[in-house]
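Q: My structure is stored as structure_14.cif, with mmCIF, C-alpha atoms.
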data_work
loop_
_atom_site.label_atom_id
_atom_site.label_comp_id
_atom_site.auth_asym_id
_atom_site.auth_seq_id
_atom_site.Cartn_x
_atom_site.Cartn_y
_atom_site.Cartn_z
CA MET T 1 8.24 14.11 -16.91
CA SER T 2 10.06 11.11 -15.46
CA GLU T 3 13.86 11.25 -15.36
CA THR T 4 14.24 7.49 -15.01
CA LEU T 5 12.16 4.58 -16.29
CA THR T 6 12.09 0.81 -16.36
CA ALA T 7 11.26 -1.28 -19.44
CA GLN T 8 10.82 -5.01 -19.92
CA THR T 9 9.26 -7.70 -22.07
CA LEU T 10 6.67 -9.86 -20.34
CA LEU T 11 3.64 -12.06 -20.97
CA ILE T 12 0.09 -10.85 -20.34
CA THR T 13 -3.28 -12.58 -20.59
CA GLY T 14 -5.01 -11.64 -23.84
CA HIS T 15 -7.99 -12.79 -25.88
CA GLN T 16 -9.45 -16.13 -24.74
CA ARG T 17 -6.85 -16.16 -21.95
CA ASP T 18 -3.98 -16.69 -24.39
CA GLU T 19 -0.55 -15.66 -23.16
CA VAL T 20 0.68 -12.78 -25.32
CA GLU T 21 4.05 -11.08 -25.38
CA ALA T 22 4.03 -7.39 -24.49
CA TYR T 23 6.49 -4.56 -23.91
CA LEU T 24 6.05 -2.53 -20.72
CA ALA T 25 7.68 0.73 -19.67
CA HIS T 26 6.95 2.77 -16.57
CA PRO T 27 8.48 5.57 -14.48
CA SER T 28 10.87 4.40 -11.79
CA VAL T 29 9.09 6.36 -9.07
CA ASP T 30 6.34 5.63 -6.56
CA GLY T 31 2.85 7.07 -6.71
CA THR T 32 -0.24 6.42 -8.80
CA ARG T 33 -0.73 7.28 -12.46
CA GLY T 34 -2.72 6.51 -15.58
CA GLY T 35 -1.87 3.84 -18.11
CA VAL T 36 -1.61 3.79 -21.90
CA VAL T 37 -2.07 0.81 -24.23
CA VAL T 38 -0.05 1.38 -27.43
CA ILE T 39 -1.37 -0.44 -30.51
CA HIS T 40 1.41 -0.93 -33.02
CA HIS T 41 1.20 -0.10 -36.72
CA MET T 42 0.92 -2.63 -39.56
CA PRO T 43 4.74 -3.15 -39.73
CA GLY T 44 4.40 -4.69 -36.30
CA TYR T 45 5.77 -4.81 -32.80
CA ASP T 46 9.03 -3.14 -33.69
CA ARG T 47 11.71 -0.85 -32.35
CA ALA T 48 9.69 2.26 -33.22
CA THR T 49 6.71 0.96 -31.23
CA LYS T 50 8.87 0.27 -28.20
CA GLU T 51 10.31 3.80 -28.41
CA ILE T 52 6.76 5.15 -28.27
CA VAL T 53 6.02 3.01 -25.20
CA ARG T 54 9.11 4.42 -23.48
CA ARG T 55 8.08 7.96 -24.43
CA PHE T 56 4.79 7.53 -22.59
CA ALA T 57 6.72 6.28 -19.55
CA GLU T 58 8.85 9.41 -19.79
CA LEU T 59 5.63 11.44 -19.82
CA GLY T 60 4.65 9.79 -16.54
CA TYR T 61 2.42 6.86 -17.53
CA ASP T 62 2.61 3.10 -17.24
CA ALA T 63 2.57 2.06 -20.91
CA ILE T 64 2.32 -1.29 -22.64
CA ALA T 65 2.24 -2.57 -26.22
CA PRO T 66 0.90 -6.07 -26.82
CA ASN T 67 2.49 -7.98 -29.69
CA LEU T 68 -0.59 -8.47 -31.86
CA TYR T 69 1.28 -10.92 -34.13
CA TRP T 70 2.55 -13.13 -31.32
CA ARG T 71 0.30 -16.07 -32.16
CA GLU T 72 1.23 -16.07 -35.85
CA ALA T 73 4.98 -15.71 -35.35
CA PRO T 74 6.26 -15.96 -31.77
CA GLY T 75 9.82 -14.70 -31.52
CA ALA T 76 10.05 -13.71 -35.20
CA ALA T 77 11.61 -10.48 -36.43
CA PRO T 78 9.00 -7.70 -36.78
CA ASP T 79 9.10 -7.69 -40.60
CA ASP T 80 8.64 -11.46 -40.79
CA ALA T 81 5.87 -11.45 -38.20
CA ALA T 82 4.05 -8.64 -40.03
CA ALA T 83 4.31 -10.49 -43.35
CA THR T 84 2.92 -13.65 -41.78
CA ALA T 85 0.03 -11.75 -40.20
CA ARG T 86 -0.78 -9.95 -43.47
CA SER T 87 -0.82 -13.26 -45.34
CA LYS T 88 -3.59 -14.40 -42.99
CA GLY T 89 -5.63 -11.21 -43.36
CA GLY T 90 -4.34 -9.40 -40.31
CA VAL T 91 -5.57 -9.39 -36.73
CA PRO T 92 -9.26 -10.33 -36.28
CA ASP T 93 -11.24 -7.56 -34.61
CA GLU T 94 -12.51 -9.82 -31.84
CA ARG T 95 -8.97 -10.87 -30.95
CA LEU T 96 -7.74 -7.27 -31.01
CA ILE T 97 -10.43 -6.28 -28.54
CA GLY T 98 -9.47 -9.19 -26.29
CA ASP T 99 -5.76 -8.39 -26.37
CA VAL T 100 -6.23 -4.67 -25.73
CA GLY T 101 -8.68 -5.52 -22.96
CA GLY T 102 -6.07 -7.79 -21.41
CA ALA T 103 -3.42 -5.09 -21.65
CA ALA T 104 -5.75 -2.54 -20.04
CA ALA T 105 -6.59 -5.00 -17.25
CA TYR T 106 -2.89 -5.60 -16.66
CA LEU T 107 -2.25 -1.85 -16.33
CA ARG T 108 -5.16 -1.44 -13.92
CA SER T 109 -3.83 -4.33 -11.80
CA ARG T 110 -0.52 -2.60 -11.17
CA PRO T 111 -0.10 -1.02 -7.72
CA THR T 112 0.76 2.29 -9.39
CA SER T 113 -2.55 2.47 -11.31
CA ASN T 114 -5.00 5.28 -10.69
CA GLY T 115 -7.63 3.18 -12.45
CA LYS T 116 -7.58 5.13 -15.72
CA VAL T 117 -6.34 3.70 -19.02
CA GLY T 118 -6.15 5.20 -22.49
CA VAL T 119 -5.40 3.66 -25.85
CA ILE T 120 -3.47 4.99 -28.85
CA GLY T 121 -2.85 3.50 -32.26
CA TYR T 122 -1.00 4.41 -35.43
CA CYS T 123 -1.91 3.47 -39.02
CA SER T 124 -3.91 0.23 -38.80
CA GLY T 125 -3.60 0.67 -35.04
CA GLY T 126 -5.53 3.94 -35.29
CA ARG T 127 -8.58 2.09 -36.53
CA GLN T 128 -8.00 -0.54 -33.85
CA ALA T 129 -7.83 2.13 -31.14
CA VAL T 130 -11.29 3.34 -32.17
CA LEU T 131 -12.51 -0.28 -32.33
CA ALA T 132 -11.23 -0.89 -28.80
CA ALA T 133 -12.86 2.30 -27.49
CA CYS T 134 -16.21 1.19 -28.96
CA ASN T 135 -16.06 -2.13 -27.13
CA LEU T 136 -14.07 -1.62 -23.91
CA ASP T 137 -14.35 0.63 -20.89
CA LEU T 138 -11.45 2.97 -21.60
CA ASP T 139 -10.94 6.55 -20.44
CA ALA T 140 -9.43 8.11 -23.56
CA ALA T 141 -8.57 7.08 -27.13
CA VAL T 142 -6.18 8.52 -29.72
CA ASP T 143 -6.44 7.71 -33.42
CA CYS T 144 -3.31 8.60 -35.38
CA TYR T 145 -4.33 8.50 -39.06
CA GLY T 146 -6.24 5.23 -38.78
CA ALA T 147 -7.57 4.03 -42.12
CA PHE T 148 -11.06 2.59 -42.63
CA VAL T 149 -12.73 3.83 -39.48
CA VAL T 150 -15.06 5.03 -42.23
CA GLY T 151 -14.73 4.30 -45.94
CA THR T 152 -14.12 1.01 -47.73
CA PRO T 153 -10.79 -0.77 -48.24
CA PRO T 154 -9.73 -0.89 -51.92
CA GLU T 155 -9.80 -4.13 -53.85
CA GLY T 156 -6.72 -6.19 -53.07
CA PHE T 157 -6.11 -4.61 -49.66
CA PRO T 158 -4.09 -7.15 -47.63
CA LEU T 159 -6.08 -6.92 -44.40
CA GLN T 160 -9.56 -8.33 -43.93
CA VAL T 161 -11.13 -5.27 -42.34
CA SER T 162 -14.39 -3.40 -42.57
CA ASN T 163 -15.24 0.10 -41.46
CA LEU T 164 -16.58 0.89 -37.98
CA VAL T 165 -19.55 3.07 -38.95
CA ASP T 166 -22.05 0.76 -37.25
CA GLN T 167 -19.97 0.72 -34.06
CA LEU T 168 -19.26 4.44 -33.71
CA PRO T 169 -22.52 5.15 -31.81
CA ASN T 170 -21.10 2.89 -29.08
CA LEU T 171 -17.87 4.87 -28.60
CA ARG T 172 -17.19 4.84 -24.84
CA ALA T 173 -14.28 7.27 -24.50
CA PRO T 174 -13.32 10.76 -25.64
CA LEU T 175 -11.41 10.56 -28.93
CA LEU T 176 -8.47 12.60 -30.18
CA GLY T 177 -7.83 12.27 -33.92
CA LEU T 178 -4.60 13.38 -35.61
CA PHE T 179 -4.51 13.36 -39.41
CA GLY T 180 -2.53 14.56 -42.43
CA ARG T 181 -4.34 16.57 -45.08
CA GLU T 182 -2.28 14.84 -47.79
CA ASP T 183 -3.28 11.36 -46.63
CA SER T 184 -5.59 9.21 -48.76
CA HIS T 185 -6.38 6.58 -46.08
CA PRO T 186 -8.00 8.36 -44.30
CA SER T 187 -8.66 11.17 -46.74
CA PRO T 188 -9.77 14.62 -45.54
CA GLU T 189 -13.27 13.72 -46.76
CA GLN T 190 -13.27 10.59 -44.60
CA VAL T 191 -12.06 12.58 -41.59
CA ALA T 192 -14.95 14.99 -42.16
CA GLU T 193 -17.39 12.07 -42.39
CA LEU T 194 -16.09 10.63 -39.12
CA ASP T 195 -16.44 14.03 -37.46
CA GLU T 196 -20.05 14.28 -38.65
CA ILE T 197 -20.97 10.81 -37.36
CA LEU T 198 -19.44 11.43 -33.93
CA THR T 199 -21.06 14.86 -33.68
CA ALA T 200 -24.46 13.45 -34.62
CA ASN T 201 -24.08 10.83 -31.89
CA HIS T 202 -22.90 13.38 -29.29
CA LYS T 203 -19.54 11.67 -28.83
CA PRO T 204 -16.80 13.92 -27.39
CA HIS T 205 -13.92 14.25 -29.83
CA GLU T 206 -11.34 16.66 -31.13
CA PHE T 207 -9.65 16.38 -34.51
CA HIS T 208 -6.53 18.11 -35.86
CA SER T 209 -5.37 17.86 -39.46
CA TYR T 210 -1.95 19.02 -40.62
CA ASP T 211 -0.94 20.69 -43.87
CA ASP T 212 2.10 19.24 -45.68
CA ALA T 213 1.58 15.91 -43.89
CA GLY T 214 0.39 12.58 -45.20
CA HIS T 215 0.21 9.12 -43.69
CA ALA T 216 2.69 8.12 -40.94
CA PHE T 217 3.91 11.64 -40.18
CA PHE T 218 4.92 10.52 -36.66
CA SER T 219 7.36 7.91 -38.04
CA VAL T 220 10.83 9.37 -37.45
CA ASP T 221 12.51 6.59 -39.47
CA ARG T 222 10.47 7.09 -42.66
CA PRO T 223 10.38 9.74 -45.41
CA SER T 224 6.81 10.55 -44.36
CA TYR T 225 8.03 12.09 -41.08
CA ARG T 226 6.99 15.72 -40.59
CA VAL T 227 8.68 17.46 -37.68
CA ALA T 228 6.16 20.25 -37.10
CA ALA T 229 3.12 17.98 -37.33
CA ALA T 230 4.65 15.30 -35.11
CA ASN T 231 5.79 17.78 -32.45
CA ASP T 232 2.39 19.45 -32.34
CA GLY T 233 0.71 16.05 -32.29
CA TRP T 234 2.74 14.93 -29.30
CA GLU T 235 1.82 18.10 -27.42
CA ARG T 236 -1.86 17.49 -28.14
CA ILE T 237 -1.59 13.86 -27.00
CA ARG T 238 0.14 14.98 -23.80
CA ALA T 239 -2.56 17.54 -23.03
CA PHE T 240 -5.40 15.14 -23.93
CA TYR T 241 -4.11 12.37 -21.70
CA SER T 242 -3.36 14.82 -18.89
CA THR T 243 -7.03 15.83 -18.96
CA HIS T 244 -8.50 12.33 -19.14
CA LEU T 245 -5.91 10.09 -17.45
CA GLY T 246 -4.33 12.46 -14.95
CA GLY T 247 -0.68 13.49 -14.79
#
Mind converting the file's structure to C-alpha cells?

A:
Amino acid sequence: MSETLTAQTLLITGHQRDEVEAYLAHPSVDGTRGGVVVIHHMPGYDRATKEIVRRFAELGYDAIAPNLYWREAPGAAPDDAAATARSKGGVPDERLIGDVGGAAAYLRSRPTSNGKVGVIGYCSGGRQAVLAACNLDLDAAVDCYGAFVVGTPPEGFPLQVSNLVDQLPNLRAPLLGLFGREDSHPSPEQVAELDEILTANHKPHEFHSYDDAGHAFFSVDRPSYRVAAANDGWERIRAFYSTHLGG
C-alpha cells in the first residue's frame, strides 16, 4: 500500500496516433512496479473512474484511464460526453484497442515500469477489457460484469457491439471475471458459456459470482452497490494483480 500518491490529467498517444486525454495516478515513491489500464464504464470518464485509478495507485501500481469519449466531446461533462458517444453507437472496437494499447505503452515507458501491464473494465468496459486482452500483449485482464462478451445485444441497444466469441480463442492474458448472479447482462448462463469457451480453449481464467448482487455492484454511488461483493471483489483483484503484475 502506498501512503502518498500523485495524480494528474495528461495527453497520451492513442489509436492512429491521436492525442487522447487520460487520467494518471501513481505512488509517490521510487522503485519499479506494474501498471493498470482502467477502462471506464458506459457513463464515461467520470469521478468514479478517477477514484478507481487512484485506488490502484494506493495499491502500488501506476494506473491510467484513457478518456474513450475524448474525440466525440473534448472537455465536456461526463454525462454529456457519454450521451454524445451513445448517439454515435459507442466506441468502435478498433479504436478501443488502439487507445488501450497506447495507454499500456505509456505505462511501460515510465521509468517506474517493471514491464507488466494489466487491464480492468467495468460494465461496457468489462467487455472492452476482454477485447483488449484478445488483441494486445497484456499480462492480466479483469472483467467486471462485462455484457456481450458472449450473447447478443437486445434490439434497440444503444451501442453498436457484437459478442467476442470468435476472438476468445486468441485471449493473450489470464482473465479474472467478477459477476453478480442477479445480473441479466451478463446472465449466469452467459457467464457459464464464457467459462466453457475459455476452458475448451485452455485459457487461464478464474470466475467469481456473487449472490444478492446484480450489475454494477462495485458502484458506490448507485443503488446497485453491494458492500460484501465489492469488498471481496477488490481483494480478488488485488491478489490477481499481485500474482501477474507483481507488487

Q: One decimal, Å: what's the distance from atom CA of T:Leu59 over to atom CA of T:Gly121, could you say?

A: 17.0 Å

Q: Once the PyMOL selection byres ((chain T and resi 146) around 10) has been applied to the shown file, what residues remain in the selection, as a list in words?

A: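 Residues picked by the PyMOL selection byres ((chain T and resi 146) around 10): His41, Gly121, Tyr122, Cys123, Ser124, Gly125, Gly126, Arg127, Gln128, Ala129, Val130, Val142, Asp143, Cys144, Tyr145, Ala147, Phe148, Val149, Val150, Gly177, Leu178, Phe179, His185, Pro186, Val191, His215 and Ala216 of chain T.
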
Q: Can you spell out as a PyMOL selection string the set of residues that the PyMOL selection byres ((chain T and resi 95) around 12) selects in the structure I just provided?

A: chain T and resi 13-18+20+66-71+90-94+96-102+128+131-132+135

Q: Just how far from atom CA of T:Ile39 is atom CA of T:Pro174, in Å to one decimal?

A: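 The value is 17.1 Å.
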
Q: Between T:Ala239, T:Ser184, T:Glu51, T:Ala133, single out the one closest to T:Pro153, counting only C-alpha atoms.

A: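 Under the stated criterion, the closest residue is T:Ser184.
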
Q: Within 8 Å of T:His26, counting all atoms listed in the file, which residues show up once you throw out same-chain ones fewer than 3 positions away? Write them as JSON, numbers by chain, please.

A: {"T": [5, 6, 7, 54, 56, 57, 58, 60, 61, 62, 63]}

Q: Find the spatial neighbours of stretch 115-119 of chain T, counting only C-alpha atoms, within a cut-off of 7 Å - ignore same-chain residues fewer than 5 positions away - and output them as a PyMOL selection string.

A: chain T and resi 34-38+104+108+129+138-142+245

Q: Considering only C-alpha atoms, give me a table of residues in stretch 107-204 of chain T that are at most 9 Å from stretch 77-87 of chain T, with the closest atom pair and distance in Å for each, as JSON lines.

A:
{"residue": "T:Pro158", "atom": "CA", "partner": "T:Arg86", "partner_atom": "CA", "distance": 6.0}
{"residue": "T:Leu159", "atom": "CA", "partner": "T:Arg86", "partner_atom": "CA", "distance": 6.2}
{"residue": "T:Gln160", "atom": "CA", "partner": "T:Arg86", "partner_atom": "CA", "distance": 8.9}

Q: What is the distance, in Å and to one decimal place, between atom CA of T:Ser219 and atom CA of T:Ala48?

A: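 Going from atom CA of T:Ser219 over to atom CA of T:Ala48, I get 7.8 Å.
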
Q: Selection in question (the file shown): the PyMOL selection byres ((chain T and resi 8) around 8). Which residues does it include, as number ranges by chain?

A: T: 6-7, 9-10, 23-25

Q: Identify which of the residues T:Met42, T:Ala22, T:Ile52, T:His205 lies closest to T:Ile64, counting all atoms listed in the file when measuring atom-to-atom distances.

A: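 Closest candidate: T:Ala22.
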
Q: Can you work out which one of T:His40, T:His208, T:Lys203, T:Arg33 has the shortest atom-to-atom distance to T:Ser242, counting all atoms listed in the file?

A: T:Arg33

Q: Just want the 9 Å neighbourhood of T:Phe218, counted on only C-alpha atoms, with same-chain residues fewer than 5 positions away dropped. Output as a list in words.

A: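 Within the cut-off, the hits are Tyr122, Cys144, Ser224, Tyr225, Arg226, Val227, Ala229, Ala230, Asn231, Gly233 and Trp234 of chain T.
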
Q: Point out the residue among T:Ala105, T:Ala213, T:Ala76, T:Leu168 with the least atom-to-atom distance to T:Asp183, counting only C-alpha atoms.

A: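 Of all the options, T:Ala213 lies closest to T:Asp183.
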
Q: Pick from T:Glu19, T:Glu235, T:Asp211, T:Asp30: nearest to T:Ser113, with all atoms listed in the file counted?

A: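 Using all atoms listed in the file, the shortest distance to T:Ser113 belongs to T:Asp30.
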
Q: Pick out the closest residue to T:Ser162 from this set: T:Thr112, T:Val220, T:Gly89, T:Pro204. Count all atoms listed in the file.

A: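 Closest to T:Ser162, using all atoms listed in the file: T:Gly89.
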
Q: Can you rebuild stretch 185-210 of chain T with N, CA and C atoms and give it as a PDB file, in the coordinates of the input?

A:
ATOM      1  N   HIS T 185      -5.733   7.590 -46.934  1.00  0.00           N
ATOM      2  CA  HIS T 185      -6.380   6.580 -46.080  1.00  0.00           C
ATOM      3  C   HIS T 185      -6.012   6.856 -44.619  1.00  0.00           C
ATOM      4  N   PRO T 186      -6.733   7.755 -43.910  1.00  0.00           N
ATOM      5  CA  PRO T 186      -8.000   8.360 -44.300  1.00  0.00           C
ATOM      6  C   PRO T 186      -7.796   9.666 -45.072  1.00  0.00           C
ATOM      7  N   SER T 187      -8.675   9.913 -45.992  1.00  0.00           N
ATOM      8  CA  SER T 187      -8.660  11.170 -46.740  1.00  0.00           C
ATOM      9  C   SER T 187      -9.315  12.268 -45.909  1.00  0.00           C
ATOM     10  N   PRO T 188      -9.073  13.535 -46.251  1.00  0.00           N
ATOM     11  CA  PRO T 188      -9.770  14.620 -45.540  1.00  0.00           C
ATOM     12  C   PRO T 188     -11.290  14.455 -45.575  1.00  0.00           C
ATOM     13  N   GLU T 189     -11.820  13.934 -46.671  1.00  0.00           N
ATOM     14  CA  GLU T 189     -13.270  13.720 -46.760  1.00  0.00           C
ATOM     15  C   GLU T 189     -13.735  12.659 -45.752  1.00  0.00           C
ATOM     16  N   GLN T 190     -12.916  11.633 -45.567  1.00  0.00           N
ATOM     17  CA  GLN T 190     -13.270  10.590 -44.600  1.00  0.00           C
ATOM     18  C   GLN T 190     -13.164  11.111 -43.169  1.00  0.00           C
ATOM     19  N   VAL T 191     -12.176  11.953 -42.912  1.00  0.00           N
ATOM     20  CA  VAL T 191     -12.060  12.580 -41.590  1.00  0.00           C
ATOM     21  C   VAL T 191     -13.300  13.424 -41.315  1.00  0.00           C
ATOM     22  N   ALA T 192     -13.743  14.172 -42.318  1.00  0.00           N
ATOM     23  CA  ALA T 192     -14.950  14.990 -42.160  1.00  0.00           C
ATOM     24  C   ALA T 192     -16.174  14.115 -41.906  1.00  0.00           C
ATOM     25  N   GLU T 193     -16.268  12.984 -42.602  1.00  0.00           N
ATOM     26  CA  GLU T 193     -17.390  12.070 -42.390  1.00  0.00           C
ATOM     27  C   GLU T 193     -17.380  11.517 -40.965  1.00  0.00           C
ATOM     28  N   LEU T 194     -16.203  11.141 -40.484  1.00  0.00           N
ATOM     29  CA  LEU T 194     -16.090  10.630 -39.120  1.00  0.00           C
ATOM     30  C   LEU T 194     -16.506  11.696 -38.114  1.00  0.00           C
ATOM     31  N   ASP T 195     -16.066  12.916 -38.329  1.00  0.00           N
ATOM     32  CA  ASP T 195     -16.440  14.030 -37.460  1.00  0.00           C
ATOM     33  C   ASP T 195     -17.962  14.189 -37.423  1.00  0.00           C
ATOM     34  N   GLU T 196     -18.595  14.119 -38.575  1.00  0.00           N
ATOM     35  CA  GLU T 196     -20.050  14.280 -38.650  1.00  0.00           C
ATOM     36  C   GLU T 196     -20.782  13.165 -37.896  1.00  0.00           C
ATOM     37  N   ILE T 197     -20.312  11.936 -38.044  1.00  0.00           N
ATOM     38  CA  ILE T 197     -20.970  10.810 -37.360  1.00  0.00           C
ATOM     39  C   ILE T 197     -20.841  10.960 -35.847  1.00  0.00           C
ATOM     40  N   LEU T 198     -19.643  11.297 -35.375  1.00  0.00           N
ATOM     41  CA  LEU T 198     -19.440  11.430 -33.930  1.00  0.00           C
ATOM     42  C   LEU T 198     -20.235  12.612 -33.369  1.00  0.00           C
ATOM     43  N   THR T 199     -20.284  13.702 -34.119  1.00  0.00           N
ATOM     44  CA  THR T 199     -21.060  14.860 -33.680  1.00  0.00           C
ATOM     45  C   THR T 199     -22.539  14.528 -33.599  1.00  0.00           C
ATOM     46  N   ALA T 200     -23.044  13.822 -34.603  1.00  0.00           N
ATOM     47  CA  ALA T 200     -24.460  13.450 -34.620  1.00  0.00           C
ATOM     48  C   ALA T 200     -24.818  12.536 -33.458  1.00  0.00           C
ATOM     49  N   ASN T 201     -23.842  11.750 -32.998  1.00  0.00           N
ATOM     50  CA  ASN T 201     -24.080  10.830 -31.890  1.00  0.00           C
ATOM     51  C   ASN T 201     -23.624  11.389 -30.546  1.00  0.00           C
ATOM     52  N   HIS T 202     -23.270  12.674 -30.531  1.00  0.00           N
ATOM     53  CA  HIS T 202     -22.900  13.380 -29.290  1.00  0.00           C
ATOM     54  C   HIS T 202     -21.724  12.708 -28.586  1.00  0.00           C
ATOM     55  N   LYS T 203     -20.738  12.293 -29.378  1.00  0.00           N
ATOM     56  CA  LYS T 203     -19.540  11.670 -28.830  1.00  0.00           C
ATOM     57  C   LYS T 203     -18.427  12.707 -28.730  1.00  0.00           C
ATOM     58  N   PRO T 204     -17.856  12.908 -27.541  1.00  0.00           N
ATOM     59  CA  PRO T 204     -16.800  13.920 -27.390  1.00  0.00           C
ATOM     60  C   PRO T 204     -15.555  13.555 -28.198  1.00  0.00           C
ATOM     61  N   HIS T 205     -15.100  14.496 -29.001  1.00  0.00           N
ATOM     62  CA  HIS T 205     -13.920  14.250 -29.830  1.00  0.00           C
ATOM     63  C   HIS T 205     -13.301  15.571 -30.246  1.00  0.00           C
ATOM     64  N   GLU T 206     -12.025  15.507 -30.552  1.00  0.00           N
ATOM     65  CA  GLU T 206     -11.340  16.660 -31.130  1.00  0.00           C
ATOM     66  C   GLU T 206     -10.390  16.157 -32.202  1.00  0.00           C
ATOM     67  N   PHE T 207     -10.457  16.778 -33.365  1.00  0.00           N
ATOM     68  CA  PHE T 207      -9.650  16.380 -34.510  1.00  0.00           C
ATOM     69  C   PHE T 207      -8.712  17.513 -34.891  1.00  0.00           C
ATOM     70  N   HIS T 208      -7.504  17.140 -35.333  1.00  0.00           N
ATOM     71  CA  HIS T 208      -6.530  18.110 -35.860  1.00  0.00           C
ATOM     72  C   HIS T 208      -5.928  17.519 -37.123  1.00  0.00           C
ATOM     73  N   SER T 209      -5.942  18.290 -38.189  1.00  0.00           N
ATOM     74  CA  SER T 209      -5.370  17.860 -39.460  1.00  0.00           C
ATOM     75  C   SER T 209      -4.252  18.821 -39.847  1.00  0.00           C
ATOM     76  N   TYR T 210      -3.167  18.254 -40.382  1.00  0.00           N
ATOM     77  CA  TYR T 210      -1.950  19.020 -40.620  1.00  0.00           C
ATOM     78  C   TYR T 210      -1.676  19.182 -42.116  1.00  0.00           C
TER      79      TYR T 210
END
